[in-house]
Every structure is written in C-alpha cells, then in structure tokens.
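Colleague: I have a structure I would like to understand better, so I am pasting it below and will then ask my questions one at a time.
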Amino acid sequence: MTHSLAELRPDRRDIDLAREALVRMRPVLEDPSLSGDQPVTITVAGGAEAIVVPKSVLELLVRVLGSLSAGEGITVVPSHAELTTQQAADVLNVSRPHFVKLLTEGRIEYRTVGTHRRVLAESLMDFLKVDDQSRRAAAAELTTLGQEMRLT
C-alpha cells in the first residue's frame, strides 16, 4: 500500500518563524541536565496545558526547523510507507534510472506489485545509513592517506 507523503515548502514567513523557534529550542537540547531519553515538556501558545513528548520528538522537530529556517522544503514519510521508484529517487536526490540500478544491484530492498517496484521507506533509510557509513569510512581513509603522504 502506498501512503501519501507530507510535504512542506516554506515561504518567507515560515522561514522567519522556524529560525526564531530554532534559536529558542536548541538550548533545550544542549541542556546538560537533559540526559538520554528523558522526556521534555513543550508549551504551545494558546494551549492550556504543557505537553510532554519524548526527547527524540524534540530532536526531530529541531532538525525540521533547521531545514525550514534554511529555506529548504521537507517531506515526512512514515517508516512503513511504500514509495514508488520516483518518490524514493526524489528522497535520495538521484535520477529514477540510477535508483532502479540500485534496486537491481540488490543494494535496496523492494517488492514488486504487478510490474511496479515498491520500496519501504525503512529500507531506504537503512540504505542511507549504510551509504553514509561507507562515505565516512572512505573520507577517513583519504584523510589518513593524505597525512601519510605529507609525512614522507
């Protein structure tokens, strides 16, 4: 089953509001008294009561605000959502043919529905994690090689 994606493209007002909220929320995450998975309390203007949420929700909200304050649009995808190859390619910011090549190489898990491929958002995130780790390892290796070459 394919789920719709929630997209937000910020306008000037959204960017300004996100920047202001980000400045106020970041210090909360940096507070040393807030450790591990300790829940946080958020008060919403006009709300009668404070809302307690997991710290991970606040961390995600800060990331969303960071993207919005930079003028970047965001897309929220539930981890159980199934994406079309075009939607998944858009998430990775690659062409659809390149994405299909990743699928046929077995680098990303997918299933076939009729003649169409469907990718779980969770599988896409797993690929991104592995790809990120691979890129970091390659960068570290290049840094080490560069340092060794300068020493000789």
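We label chains A, B, ... in the order they appear in the structure tokens, count residues from 1 in each chain, and number ligands from 1 in the order shown.
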Within segment 1-119 of chain A, find each residue whose DSSP state, derived from the backbone, is strand (DSSP E), and express the selection as a list of chain:residue names.
Modeller: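 The residues of segment 1-119 of chain A classed as strand (DSSP E) are A:Ala6, A:Glu7, A:Leu8, A:Val40, A:Thr41, A:Ile42, A:Ile51, A:Val52, A:Val53, A:Ile74, A:Thr75, A:Val76, A:Glu82, A:Leu83, A:Arg111, A:Thr112, A:Val113, A:His116, A:Arg117, A:Arg118, A:Val119.
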Colleague: Near segment 98-112 of chain A, counting only C-alpha atoms, which residues have an atom at most 8 Å away, once you skip same-chain residues fewer than 6 positions from it, shown as a PyMOL selection string?
Modeller: chain A and resi 85+88-89+118-120+123-124+127
Colleague: Per residue of segment 55-102 of chain A within 12 Å of segment 33-38 of chain A, note the shortest atom pair and the distance in Å to one decimal, counting only C-alpha atoms, and order the rows by chain and increasing residue number, as a Markdown table.
Modeller:
| residue | atom | partner | partner_atom | distance |
| --- | --- | --- | --- | --- |
| A:Lys55 | CA | A:Asp37 | CA | 5.8 |
| A:Ser56 | CA | A:Asp37 | CA | 7.2 |
| A:Val57 | CA | A:Asp37 | CA | 10.2 |
| A:Leu58 | CA | A:Asp37 | CA | 10.8 |
| A:Glu59 | CA | A:Asp37 | CA | 10.8 |
Colleague: So how many Å separate atom CA of Pro10 of chain A and atom CA of Glu72 of chain A, to one decimal?
Modeller: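 Spanning atom CA of Pro10 of chain A to atom CA of Glu72 of chain A is a straight-line distance of 7.0 Å.
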Colleague: Please return, as a PyMOL selection string, all residues of chain A that DSSP assigns to alpha helix (DSSP H) on the basis of the backbone.
Modeller: chain A and resi 12-30+55-69+85-92+96-104+121-151
Colleague: Which of these residues is nearest to Pro78 of chain A, using only C-alpha atoms: A:Val94, A:Val62, A:Ala6, A:Leu145?
Modeller: A:Ala6
Colleague: Mind checking which residues fall within 7 Å of Ala50 of chain A, counting only C-alpha atoms, ignoring those fewer than 6 positions away in the same chain, and posting them as number ranges by chain?
Modeller: A: 41-43
Colleague: When you draw a straight line from atom CA of Leu65 of chain A to atom CA of Leu17 of chain A, how long is it in Å?
Modeller: 8.9 Å
Colleague: Quick one: pull the distance between atom CA of Thr75 of chain A and atom CA of Ala21 of chain A, Å, one decimal.
Modeller: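 Calculated distance between atom CA of Thr75 of chain A and atom CA of Ala21 of chain A is 19.2 Å.
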